[in-house]
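Undergrad: Next comes my_file.pdb, PDB, C-alpha atoms:
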ATOM      1  CA  MET A  10     -18.265  -3.603   2.504
ATOM      2  CA  THR A  11     -19.493  -0.642   0.477
ATOM      3  CA  SER A  12     -16.157   1.164   0.191
ATOM      4  CA  LEU A  13     -14.668  -1.777  -1.705
ATOM      5  CA  THR A  14     -17.522  -2.361  -4.111
ATOM      6  CA  GLN A  15     -17.891   1.320  -4.953
ATOM      7  CA  ARG A  16     -14.428   1.328  -6.514
ATOM      8  CA  SER A  17     -15.022  -1.554  -8.897
ATOM      9  CA  SER A  18     -16.130   0.784 -11.689
ATOM     10  CA  GLY A  19     -12.584   1.876 -12.604
ATOM     11  CA  LEU A  20     -10.487   5.032 -12.412
ATOM     12  CA  VAL A  21     -11.482   8.272 -10.785
ATOM     13  CA  GLN A  22     -11.556  10.902 -13.482
ATOM     14  CA  ARG A  23      -8.988  13.628 -13.638
ATOM     15  CA  ARG A  24      -8.892  16.154 -10.960
ATOM     16  CA  THR A  25      27.698  -3.371  -5.541
ATOM     17  CA  GLU A  26      28.796  -3.882  -1.967
ATOM     18  CA  ALA A  27      25.276  -3.667  -0.953
ATOM     19  CA  SER A  28      24.239  -6.477  -3.289
ATOM     20  CA  ARG A  29      26.888  -8.764  -1.838
ATOM     21  CA  GLY A  30      25.565  -8.105   1.656
ATOM     22  CA  ALA A  31      22.012  -8.850   0.526
ATOM     23  CA  ALA A  32      23.157 -12.082  -1.083
ATOM     24  CA  ALA A  33      24.831 -13.062   2.166
ATOM     25  CA  ASP A  34      21.558 -12.471   3.993
ATOM     26  CA  LYS A  35      19.778 -14.731   1.571
ATOM     27  CA  ASP A  36      22.332 -17.481   2.176
ATOM     28  CA  LYS A  37      21.584 -17.250   5.895
ATOM     29  CA  GLY A  38      18.035 -18.420   5.311
ATOM     30  CA  LEU A  39      15.948 -15.352   4.554
ATOM     31  CA  GLY A  40      12.781 -15.931   2.561
ATOM     32  CA  GLU A  41      12.628 -14.764  -1.041
ATOM     33  CA  GLU A  42      10.354 -11.827  -0.210
ATOM     34  CA  GLU A  43      12.540 -10.716   2.702
ATOM     35  CA  TYR A  44      15.634 -11.005   0.502
ATOM     36  CA  GLU A  45      14.041  -8.824  -2.177
ATOM     37  CA  LEU A  46      13.071  -6.244   0.430
ATOM     38  CA  ARG A  47      16.599  -6.119   1.850
ATOM     39  CA  LYS A  48      18.024  -5.805  -1.665
ATOM     40  CA  ASP A  49      15.610  -2.953  -2.461
ATOM     41  CA  GLU A  50      16.638  -1.198   0.757
ATOM     42  CA  GLN A  51      20.322  -1.516  -0.142
ATOM     43  CA  ASP A  52      19.607  -0.171  -3.633
ATOM     44  CA  GLU A  53      17.799   2.820  -2.114
ATOM     45  CA  GLU A  54      20.784   3.557   0.094
ATOM     46  CA  ASP A  55      23.071   3.416  -2.932
ATOM     47  CA  SER A  56      20.826   5.859  -4.809
ATOM     48  CA  GLY A  57      21.101   8.454  -2.065
ATOM     49  CA  ASP A  58      18.011   7.771   0.063
ATOM     50  CA  SER A  59      18.919   7.602   3.723
ATOM     51  CA  LYS A  60      17.553   4.912   5.990
ATOM     52  CA  GLU A  61      15.329   7.480   7.730
ATOM     53  CA  THR A  62      13.490   8.340   4.525
ATOM     54  CA  ARG A  63      12.616   4.793   3.498
ATOM     55  CA  LEU A  64       8.819   4.642   3.432
ATOM     56  CA  THR A  65       6.337   1.807   3.790
ATOM     57  CA  LEU A  66       3.489   1.336   1.328
ATOM     58  CA  MET A  67       1.067   2.843   3.851
ATOM     59  CA  GLU A  68       3.224   5.932   4.293
ATOM     60  CA  GLU A  69       3.603   6.384   0.540
ATOM     61  CA  VAL A  70      -0.143   6.179  -0.061
ATOM     62  CA  LEU A  71      -0.856   8.608   2.783
ATOM     63  CA  LEU A  72       1.810  11.006   1.518
ATOM     64  CA  LEU A  73       0.220  11.008  -1.935
ATOM     65  CA  GLY A  74      -3.138  11.820  -0.339
ATOM     66  CA  LEU A  75      -1.991  14.606   1.985
ATOM     67  CA  LYS A  76      -2.408  18.220   0.937
ATOM     68  CA  ASP A  77       1.076  19.747   1.091
ATOM     69  CA  ARG A  78       0.263  22.996   2.898
ATOM     70  CA  GLU A  79      -2.902  22.020   4.743
ATOM     71  CA  GLY A  80      -1.450  18.766   6.073
ATOM     72  CA  TYR A  81      -4.544  16.565   5.899
ATOM     73  CA  THR A  82      -6.317  14.321   3.400
ATOM     74  CA  SER A  83      -9.467  15.308   1.572
ATOM     75  CA  PHE A  84     -12.583  15.228   3.772
ATOM     76  CA  TRP A  85     -14.411  13.615   0.850
ATOM     77  CA  ASN A  86     -12.034  10.667   0.573
ATOM     78  CA  ASP A  87     -13.841   7.668   2.065
ATOM     79  CA  CYS A  88     -11.584   5.131   0.305
ATOM     80  CA  ILE A  89      -8.220   5.703   1.929
ATOM     81  CA  SER A  90      -9.094   3.949   5.189
ATOM     82  CA  SER A  91      -9.605   0.516   3.643
ATOM     83  CA  GLY A  92      -6.836   1.219   1.118
ATOM     84  CA  LEU A  93      -4.303   1.656   3.917
ATOM     85  CA  ARG A  94      -5.346  -1.697   5.400
ATOM     86  CA  GLY A  95      -4.759  -3.316   2.025
ATOM     87  CA  CYS A  96      -1.296  -1.717   2.044
ATOM     88  CA  MET A  97      -0.562  -3.362   5.392
ATOM     89  CA  LEU A  98      -1.432  -6.832   4.123
ATOM     90  CA  ILE A  99       0.753  -6.426   1.038
ATOM     91  CA  GLU A 100       3.611  -4.908   3.055
ATOM     92  CA  LEU A 101       3.532  -7.896   5.406
ATOM     93  CA  ALA A 102       3.430 -10.286   2.452
ATOM     94  CA  LEU A 103       6.393  -8.609   0.746
ATOM     95  CA  ARG A 104       8.328  -8.853   4.015
ATOM     96  CA  GLY A 105       7.692 -12.588   4.163
ATOM     97  CA  ARG A 106       5.298 -12.479   7.124
ATOM     98  CA  LEU A 107       2.031 -13.451   5.421
ATOM     99  CA  GLN A 108       0.916 -15.754   2.615
ATOM    100  CA  LEU A 109      -2.276 -17.302   1.270
ATOM    101  CA  GLU A 110      -3.180 -20.869   2.102
ATOM    102  CA  ALA A 111      -2.645 -23.445  -0.664
ATOM    103  CA  SER A 112      -5.259 -23.303  -3.396
ATOM    104  CA  GLY A 113      -5.937 -27.054  -3.123
ATOM    105  CA  MET A 114      -7.095 -29.546  -5.725
ATOM    106  CA  ARG A 115     -10.218 -27.546  -6.524
ATOM    107  CA  ARG A 116      -8.248 -24.327  -7.123
ATOM    108  CA  LYS A 117      -9.915 -22.018  -4.634
ATOM    109  CA  SER A 118     -10.200 -18.435  -5.798
ATOM    110  CA  LEU A 119      -7.923 -15.786  -4.296
ATOM    111  CA  LEU A 120     -10.753 -14.263  -2.287
ATOM    112  CA  ALA A 121     -11.797 -17.643  -0.877
ATOM    113  CA  ARG A 122      -8.336 -18.530   0.434
ATOM    114  CA  LYS A 123      -7.349 -17.726   4.017
ATOM    115  CA  VAL A 124      -4.445 -15.516   5.088
ATOM    116  CA  ILE A 125      -1.778 -17.499   6.914
ATOM    117  CA  CYS A 126       0.976 -16.182   9.182
ATOM    118  CA  LYS A 127       4.243 -17.344   7.633
ATOM    119  CA  SER A 128       6.517 -15.685  10.202
ATOM    120  CA  ASP A 129       5.731 -13.713  13.361
ATOM    121  CA  ALA A 130       9.123 -11.981  13.471
ATOM    122  CA  ALA A 131       8.744  -8.314  14.401
ATOM    123  CA  THR A 132       8.904  -5.858  11.508
ATOM    124  CA  GLY A 133       9.944  -2.818  13.540
ATOM    125  CA  ASP A 134       6.752  -0.992  12.514
ATOM    126  CA  VAL A 135       4.117  -0.771  15.258
ATOM    127  CA  LEU A 136       1.116  -0.820  12.911
ATOM    128  CA  LEU A 137       2.428  -3.765  10.920
ATOM    129  CA  ASP A 138       3.245  -5.701  14.084
ATOM    130  CA  GLU A 139      -0.222  -4.993  15.479
ATOM    131  CA  ALA A 140      -1.903  -6.279  12.334
ATOM    132  CA  LEU A 141       0.405  -9.307  12.233
ATOM    133  CA  LYS A 142      -0.451 -10.159  15.853
ATOM    134  CA  HIS A 143      -4.187 -10.123  15.059
ATOM    135  CA  ILE A 144      -3.729 -12.363  12.023
ATOM    136  CA  LYS A 145      -1.469 -14.819  13.829
ATOM    137  CA  GLU A 146      -3.805 -15.232  16.808
ATOM    138  CA  THR A 147      -7.062 -15.543  14.856
ATOM    139  CA  GLN A 148      -8.489 -19.044  14.441
ATOM    140  CA  PRO A 149      -9.925 -20.063  12.123
ATOM    141  CA  PRO A 150      -8.036 -17.824   9.664
ATOM    142  CA  GLU A 151      -9.836 -15.108   7.695
ATOM    143  CA  THR A 152      -9.705 -14.124   4.020
ATOM    144  CA  VAL A 153      -8.028 -11.021   2.596
ATOM    145  CA  GLN A 154     -11.344  -9.225   2.145
ATOM    146  CA  SER A 155     -12.395 -10.046   5.709
ATOM    147  CA  TRP A 156      -9.125  -8.696   7.091
ATOM    148  CA  ILE A 157      -9.505  -5.417   5.195
ATOM    149  CA  GLU A 158     -12.959  -5.053   6.721
ATOM    150  CA  LEU A 159     -11.886  -6.085  10.217
ATOM    151  CA  LEU A 160      -8.763  -3.907  10.369
ATOM    152  CA  SER A 161     -10.721  -0.877   9.144
ATOM    153  CA  GLY A 162     -13.667  -1.516  11.503
ATOM    154  CA  GLU A 163     -16.130  -2.114   8.666
ATOM    155  CA  THR A 164     -17.762  -5.119  10.284
ATOM    156  CA  TRP A 165     -21.267  -5.695  11.559
ATOM    157  CA  ASN A 166     -20.051  -8.187  14.152
ATOM    158  CA  PRO A 167     -19.570  -6.348  17.486
ATOM    159  CA  LEU A 168     -17.444  -9.256  18.753
ATOM    160  CA  LYS A 169     -14.829  -8.459  16.102
ATOM    161  CA  LEU A 170     -14.524  -4.712  16.603
ATOM    162  CA  HIS A 171     -11.348  -5.231  18.639
ATOM    163  CA  TYR A 172      -9.536  -6.032  15.388
ATOM    164  CA  GLN A 173      -9.889  -2.444  14.215
ATOM    165  CA  LEU A 174      -6.639  -0.514  13.962
ATOM    166  CA  ARG A 175      -7.449   2.962  15.260
ATOM    167  CA  ASN A 176      -6.012   6.363  14.340
ATOM    168  CA  VAL A 177      -4.055   4.845  11.460
ATOM    169  CA  ARG A 178      -3.687   8.045   9.451
ATOM    170  CA  GLU A 179      -2.532  10.006  12.495
ATOM    171  CA  ARG A 180      -0.044   7.296  13.464
ATOM    172  CA  LEU A 181       1.332   7.109   9.925
ATOM    173  CA  ALA A 182       1.620  10.910   9.819
ATOM    174  CA  LYS A 183       3.612  10.811  13.069
ATOM    175  CA  ASN A 184       5.920   8.233  11.501
ATOM    176  CA  LEU A 185       6.479  10.638   8.619
ATOM    177  CA  VAL A 186       7.145  13.450  11.097
ATOM    178  CA  GLU A 187       9.824  11.295  12.740
ATOM    179  CA  LYS A 188      11.350  10.656   9.309
ATOM    180  CA  GLY A 189      11.518  14.392   8.634
ATOM    181  CA  VAL A 190       8.939  14.379   5.854
ATOM    182  CA  LEU A 191       6.098  16.189   7.663
ATOM    183  CA  THR A 192       5.722  18.533  10.616
ATOM    184  CA  THR A 193       2.925  18.912  13.187
ATOM    185  CA  GLU A 194       0.672  21.954  13.570
ATOM    186  CA  LYS A 195      -2.677  22.856  15.102
ATOM    187  CA  GLN A 196      -5.346  24.346  12.849
ATOM    188  CA  ASN A 197      -8.590  25.950  13.988
ATOM    189  CA  PHE A 198     -11.801  24.970  12.167
ATOM    190  CA  LEU A 199     -14.210  27.344  13.997
ATOM    191  CA  LEU A 200     -15.843  24.685  16.174
ATOM    192  CA  PHE A 201     -12.798  22.559  16.823
ATOM    193  CA  ASP A 202      -9.011  22.377  16.616
ATOM    194  CA  MET A 203      -7.392  19.725  14.432
ATOM    195  CA  THR A 204      -3.843  18.429  14.364
ATOM    196  CA  THR A 205      -2.417  18.746  10.865
ATOM    197  CA  HIS A 206       0.816  17.569   9.286
ATOM    198  CA  PRO A 207       2.045  19.911   6.513
ATOM    199  CA  LEU A 208       4.836  18.815   4.190
ATOM    200  CA  THR A 209       8.347  19.932   5.158
ATOM    201  CA  ASN A 210      10.530  17.789   2.876
ATOM    202  CA  SER A 211       9.208  18.302  -0.631
ATOM    203  CA  ASN A 212      12.116  16.358  -2.180
ATOM    204  CA  ILE A 213      10.895  13.057  -0.762
ATOM    205  CA  LYS A 214       7.351  13.579  -2.025
ATOM    206  CA  GLN A 215       8.605  14.695  -5.428
ATOM    207  CA  ARG A 216      10.727  11.558  -5.692
ATOM    208  CA  LEU A 217       7.676   9.485  -4.809
ATOM    209  CA  ILE A 218       5.536  11.223  -7.436
ATOM    210  CA  LYS A 219       8.291  10.882 -10.038
ATOM    211  CA  LYS A 220       8.614   7.166  -9.262
ATOM    212  CA  VAL A 221       4.893   6.618  -9.843
ATOM    213  CA  GLN A 222       4.875   8.695 -13.030
ATOM    214  CA  GLU A 223       7.916   6.948 -14.507
ATOM    215  CA  ALA A 224       6.424   3.525 -13.791
ATOM    216  CA  VAL A 225       3.649   4.178 -16.319
ATOM    217  CA  LEU A 226       5.573   6.473 -18.676
ATOM    218  CA  ASP A 227       9.368   6.338 -19.270
ATOM    219  CA  LYS A 228       9.918   3.012 -17.457
ATOM    220  CA  TRP A 229       6.730   1.268 -18.565
ATOM    221  CA  VAL A 230       7.429  -2.436 -19.220
ATOM    222  CA  ASN A 231       3.955  -3.549 -20.375
ATOM    223  CA  ASP A 232       4.173  -6.638 -18.187
ATOM    224  CA  PRO A 233       3.182  -6.496 -14.504
ATOM    225  CA  ASN A 234       5.214  -9.631 -13.815
ATOM    226  CA  ARG A 235       8.374  -7.677 -14.700
ATOM    227  CA  MET A 236       7.475  -4.653 -12.588
ATOM    228  CA  ASP A 237       8.841  -4.152  -9.100
ATOM    229  CA  LYS A 238       6.241  -5.686  -6.756
ATOM    230  CA  ARG A 239       6.228  -2.763  -4.327
ATOM    231  CA  LEU A 240       5.783  -0.256  -7.126
ATOM    232  CA  LEU A 241       3.028  -2.337  -8.715
ATOM    233  CA  ALA A 242       1.272  -2.570  -5.343
ATOM    234  CA  LEU A 243       1.669   1.182  -4.836
ATOM    235  CA  ILE A 244      -0.105   1.950  -8.118
ATOM    236  CA  PHE A 245      -2.991  -0.400  -7.347
ATOM    237  CA  LEU A 246      -3.417   0.750  -3.737
ATOM    238  CA  ALA A 247      -3.016   4.450  -4.563
ATOM    239  CA  HIS A 248      -5.864   4.024  -7.039
ATOM    240  CA  SER A 249      -7.993   2.090  -4.539
ATOM    241  CA  SER A 250      -7.322   4.840  -1.976
ATOM    242  CA  ASP A 251      -8.363   7.527  -4.484
ATOM    243  CA  VAL A 252      -4.982   9.325  -4.350
ATOM    244  CA  LEU A 253      -3.333   8.190  -7.592
ATOM    245  CA  GLU A 254      -4.770  11.190  -9.397
ATOM    246  CA  ASN A 255      -2.585  13.451  -7.228
ATOM    247  CA  ALA A 256       0.568  11.901  -8.701
ATOM    248  CA  PHE A 257      -0.611  12.497 -12.275
ATOM    249  CA  ALA A 258      -2.040  16.011 -11.840
ATOM    250  CA  PRO A 259       1.261  17.798 -12.733
ATOM    251  CA  LEU A 260       1.583  15.946 -16.069
ATOM    252  CA  LEU A 261       0.989  17.501 -19.465
ATOM    253  CA  ASP A 262      -2.261  16.472 -21.142
ATOM    254  CA  ASP A 263      -0.730  13.905 -23.493
ATOM    255  CA  GLN A 264       1.375  12.415 -20.696
ATOM    256  CA  TYR A 265      -1.645  12.306 -18.418
ATOM    257  CA  ASP A 266      -3.746  10.494 -21.009
ATOM    258  CA  LEU A 267      -1.002   7.938 -21.628
ATOM    259  CA  ALA A 268      -0.464   7.370 -17.897
ATOM    260  CA  MET A 269      -4.188   6.841 -17.303
ATOM    261  CA  LYS A 270      -4.432   4.487 -20.271
ATOM    262  CA  ARG A 271      -1.662   2.305 -18.870
ATOM    263  CA  VAL A 272      -3.146   2.324 -15.376
ATOM    264  CA  ARG A 273      -6.407   1.118 -16.891
ATOM    265  CA  GLN A 274      -4.472  -1.716 -18.516
ATOM    266  CA  LEU A 275      -3.284  -2.750 -15.052
ATOM    267  CA  LEU A 276      -6.775  -2.453 -13.590
ATOM    268  CA  ASP A 277      -8.179  -4.631 -16.376
ATOM    269  CA  LEU A 278      -5.833  -7.509 -15.539
ATOM    270  CA  GLU A 279      -7.326 -10.715 -14.173
ATOM    271  CA  PRO A 280      -5.861 -11.222 -10.653
ATOM    272  CA  GLU A 281      -6.487 -14.982 -10.692
ATOM    273  CA  GLY A 282      -4.418 -15.452 -13.835
ATOM    274  CA  GLU A 283      -1.677 -13.054 -12.773
ATOM    275  CA  SER A 284      -1.287 -14.791  -9.408
ATOM    276  CA  MET A 285      -0.444 -18.090 -11.102
ATOM    277  CA  LYS A 286       2.515 -16.673 -13.030
ATOM    278  CA  ALA A 287       6.063 -17.365 -11.911
ATOM    279  CA  ASN A 288       7.485 -15.074  -9.201
ATOM    280  CA  SER A 289       4.113 -13.434  -8.540
ATOM    281  CA  ASN A 290       2.906 -12.700  -5.017
ATOM    282  CA  GLU A 291      -0.486 -14.326  -4.483
ATOM    283  CA  LEU A 292      -1.479 -12.185  -1.533
ATOM    284  CA  LEU A 293      -0.746  -9.011  -3.496
ATOM    285  CA  TRP A 294      -3.119 -10.141  -6.221
ATOM    286  CA  ALA A 295      -5.708 -11.206  -3.643
ATOM    287  CA  VAL A 296      -5.735  -7.651  -2.269
ATOM    288  CA  VAL A 297      -6.053  -6.305  -5.819
ATOM    289  CA  ALA A 298      -8.983  -8.678  -6.383
ATOM    290  CA  ALA A 299     -10.672  -7.449  -3.188
ATOM    291  CA  PHE A 300     -10.653  -3.876  -4.466
ATOM    292  CA  THR A 301     -11.523  -4.536  -8.120
ATOM    293  CA  LYS A 302     -14.021  -7.416  -7.952
TER
END
Show this structure as structure tokens.
TA:
Amino acid sequence: MTSLTQRSSGLVQRRTEASRGAAADKDKGLGEEEYELRKDEQDEEDSGDSKETRLTLMEEVLLLGLKDREGYTSFWNDCISSGLRGCMLIELALRGRLQLEASGMRRKSLLARKVICKSDAATGDVLLDEALKHIKETQPPETVQSWIELLSGETWNPLKLHYQLRNVRERLAKNLVEKGVLTTEKQNFLLFDMTTHPLTNSNIKQRLIKKVQEAVLDKWVNDPNRMDKRLLALIFLAHSSDVLENAFAPLLDDQYDLAMKRVRQLLDLEPEGESMKANSNELLWAVVAAFTK
């Protein structure tokens, strides 16, 4: 799995009523992760984000990677494919659908533990439900690293090619078109025509960029265990997908240097140790380990 190992060297260089409703949901038996997700969604609605503009981790990473006017990702980016699959695993974990098997008496490492389907309830997202179906029906279970390879088609086993999720970027872009973030155009590249998705709602992307910037600048907490799990995952996966640089490009030099320094602090963390802390999400840290080992 060359695309994972190539990124182990570090950063790419520079170039109130709502809370009551969420609590009621928790009382009805929702898992902790699902409760947190619902609470986050209610908070977003309170802050002015409509339901239509709520983005998944995959959509946020793709949006950071898309060129605003051209409407496509860099042709030289060979990392985003596996990065988006990592986003899917974390998204499913944060929604209470997936978890890692128990570590056991011998304390298996994160990358040696299998991914288990905790709930097969539909998520409402076609890509997530497709990935969840594969994971649920696969016996024996596979590890996080294996699932990133299988879902992205990076496997040498022809019997497992049916696990590959195809046209992921195009399908995510269409989701963003439906949410009013992108539009669809045809662009001619001499020998062929290509469907592109230029940005139409710059406010949503600017809010996304600002959220990432503030996480490592004004709202830096110096403790990943106190950071919002989705935001923490976004920083890790944006880096693994080689699109984090796009969020920091508008910063002044001193801000940029500080932001990169703090991202390096996150990348230098030991996933095994972080996963054992209270309230951590083990599958999130297993995905991080798969990209930074």
Undergrad: Find the residue from A:Arg63, A:Lys145, A:Lys188, A:Arg104 that sits nearest to A:Arg216; use all atoms listed in the file when measuring.
TA: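 Residue with the minimum atom-to-atom distance to A:Arg216: A:Arg63.
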Undergrad: How many Å separate atom CA of A:Leu217 from atom CA of A:Lys238?
TA: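 So the answer is 15.4 Å.
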Undergrad: From the set A:Ile213, A:Pro259, A:Arg271, A:Thr301, which residue has the shortest atom-to-atom contact distance to A:Lys228, counting all atoms listed in the file?
TA: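 Of A:Ile213, A:Pro259, A:Arg271, A:Thr301, the one nearest A:Lys228 is A:Arg271, counting all atoms listed in the file.
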Undergrad: Pick out the closest residue to A:Gln274 from this set: A:Trp165, A:Tyr172, A:Trp229, A:Phe201. Count all atoms listed in the file.
TA: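 Of the candidates, the smallest distance to A:Gln274 is held by A:Trp229.
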Undergrad: Just give me the gap between atom CA of A:Glu283 and atom CA of A:Ile125 in Å, one decimal is fine.
TA: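 A separation of 20.2 Å between them.
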Undergrad: Using only C-alpha atoms, list the residues that have an atom at most 10 Å from (-7.2, -1.2, -7.7), coordinates as in the file, as a PyMOL selection string.
TA: chain A and resi 13+16-20+92+242-251+272-273+275-277+294+296-302
Undergrad: So the first atom is atom CA of A:Cys96 and the second is atom CA of A:Lys127; what is the distance between them in Å, to one decimal place?
TA: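 That distance, rounded to one decimal, is 17.5 Å.
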Undergrad: Quick one: which residues end up in the PyMOL selection byres ((chain A and resi 295) around 9) for this structure, as a PDB file with C-alpha atoms, in the coordinates of the input?
TA:
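Listing of expr_2.pdb after writing:
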ATOM      1  CA  LEU A 109      -2.276 -17.302   1.270  1.00  0.00           C
ATOM      2  CA  SER A 118     -10.200 -18.435  -5.798  1.00  0.00           C
ATOM      3  CA  LEU A 119      -7.923 -15.786  -4.296  1.00  0.00           C
ATOM      4  CA  LEU A 120     -10.753 -14.263  -2.287  1.00  0.00           C
ATOM      5  CA  ARG A 122      -8.336 -18.530   0.434  1.00  0.00           C
ATOM      6  CA  VAL A 153      -8.028 -11.021   2.596  1.00  0.00           C
ATOM      7  CA  GLN A 154     -11.344  -9.225   2.145  1.00  0.00           C
ATOM      8  CA  PRO A 280      -5.861 -11.222 -10.653  1.00  0.00           C
ATOM      9  CA  GLU A 281      -6.487 -14.982 -10.692  1.00  0.00           C
ATOM     10  CA  SER A 284      -1.287 -14.791  -9.408  1.00  0.00           C
ATOM     11  CA  ASN A 290       2.906 -12.700  -5.017  1.00  0.00           C
ATOM     12  CA  GLU A 291      -0.486 -14.326  -4.483  1.00  0.00           C
ATOM     13  CA  LEU A 292      -1.479 -12.185  -1.533  1.00  0.00           C
ATOM     14  CA  LEU A 293      -0.746  -9.011  -3.496  1.00  0.00           C
ATOM     15  CA  TRP A 294      -3.119 -10.141  -6.221  1.00  0.00           C
ATOM     16  CA  VAL A 296      -5.735  -7.651  -2.269  1.00  0.00           C
ATOM     17  CA  VAL A 297      -6.053  -6.305  -5.819  1.00  0.00           C
ATOM     18  CA  ALA A 298      -8.983  -8.678  -6.383  1.00  0.00           C
ATOM     19  CA  ALA A 299     -10.672  -7.449  -3.188  1.00  0.00           C
ATOM     20  CA  PHE A 300     -10.653  -3.876  -4.466  1.00  0.00           C
TER      21      PHE A 300
END
Undergrad: Write a file for stretch 132-143 of chain A of the given structure; include N, CA and C atoms and format it as a CSV table (one decimal), in the first residue's frame.
TA:
chain,number,residue,atom,x,y,z
A,132,THR,N,-27.4,5.2,7.3
A,132,THR,CA,-26.9,6.6,7.6
A,132,THR,C,-27.6,7.7,6.8
A,133,GLY,N,-28.2,7.3,5.7
A,133,GLY,CA,-28.8,8.3,4.8
A,133,GLY,C,-27.8,8.8,3.7
A,134,ASP,N,-26.5,8.3,3.8
A,134,ASP,CA,-25.5,8.6,2.8
A,134,ASP,C,-25.2,7.4,2.0
A,135,VAL,N,-25.3,7.4,0.7
A,135,VAL,CA,-25.2,6.2,-0.1
A,135,VAL,C,-23.8,5.6,0.0
A,136,LEU,N,-22.7,6.4,0.0
A,136,LEU,CA,-21.4,5.9,0.1
A,136,LEU,C,-21.1,5.3,1.4
A,137,LEU,N,-21.5,5.9,2.5
A,137,LEU,CA,-21.3,5.4,3.8
A,137,LEU,C,-22.1,4.0,4.0
A,138,ASP,N,-23.3,4.0,3.5
A,138,ASP,CA,-24.1,2.8,3.6
A,138,ASP,C,-23.5,1.6,2.8
A,139,GLU,N,-22.9,2.0,1.6
A,139,GLU,CA,-22.2,1.0,0.8
A,139,GLU,C,-21.0,0.4,1.5
A,140,ALA,N,-20.2,1.3,2.1
A,140,ALA,CA,-19.0,0.8,2.8
A,140,ALA,C,-19.5,0.0,4.1
A,141,LEU,N,-20.5,0.4,4.8
A,141,LEU,CA,-21.0,-0.3,5.9
A,141,LEU,C,-21.5,-1.7,5.6
A,142,LYS,N,-22.1,-1.8,4.4
A,142,LYS,CA,-22.7,-3.1,4.0
A,142,LYS,C,-21.5,-4.1,3.7
A,143,HIS,N,-20.4,-3.6,3.1
A,143,HIS,CA,-19.3,-4.4,2.9
A,143,HIS,C,-18.7,-4.9,4.2
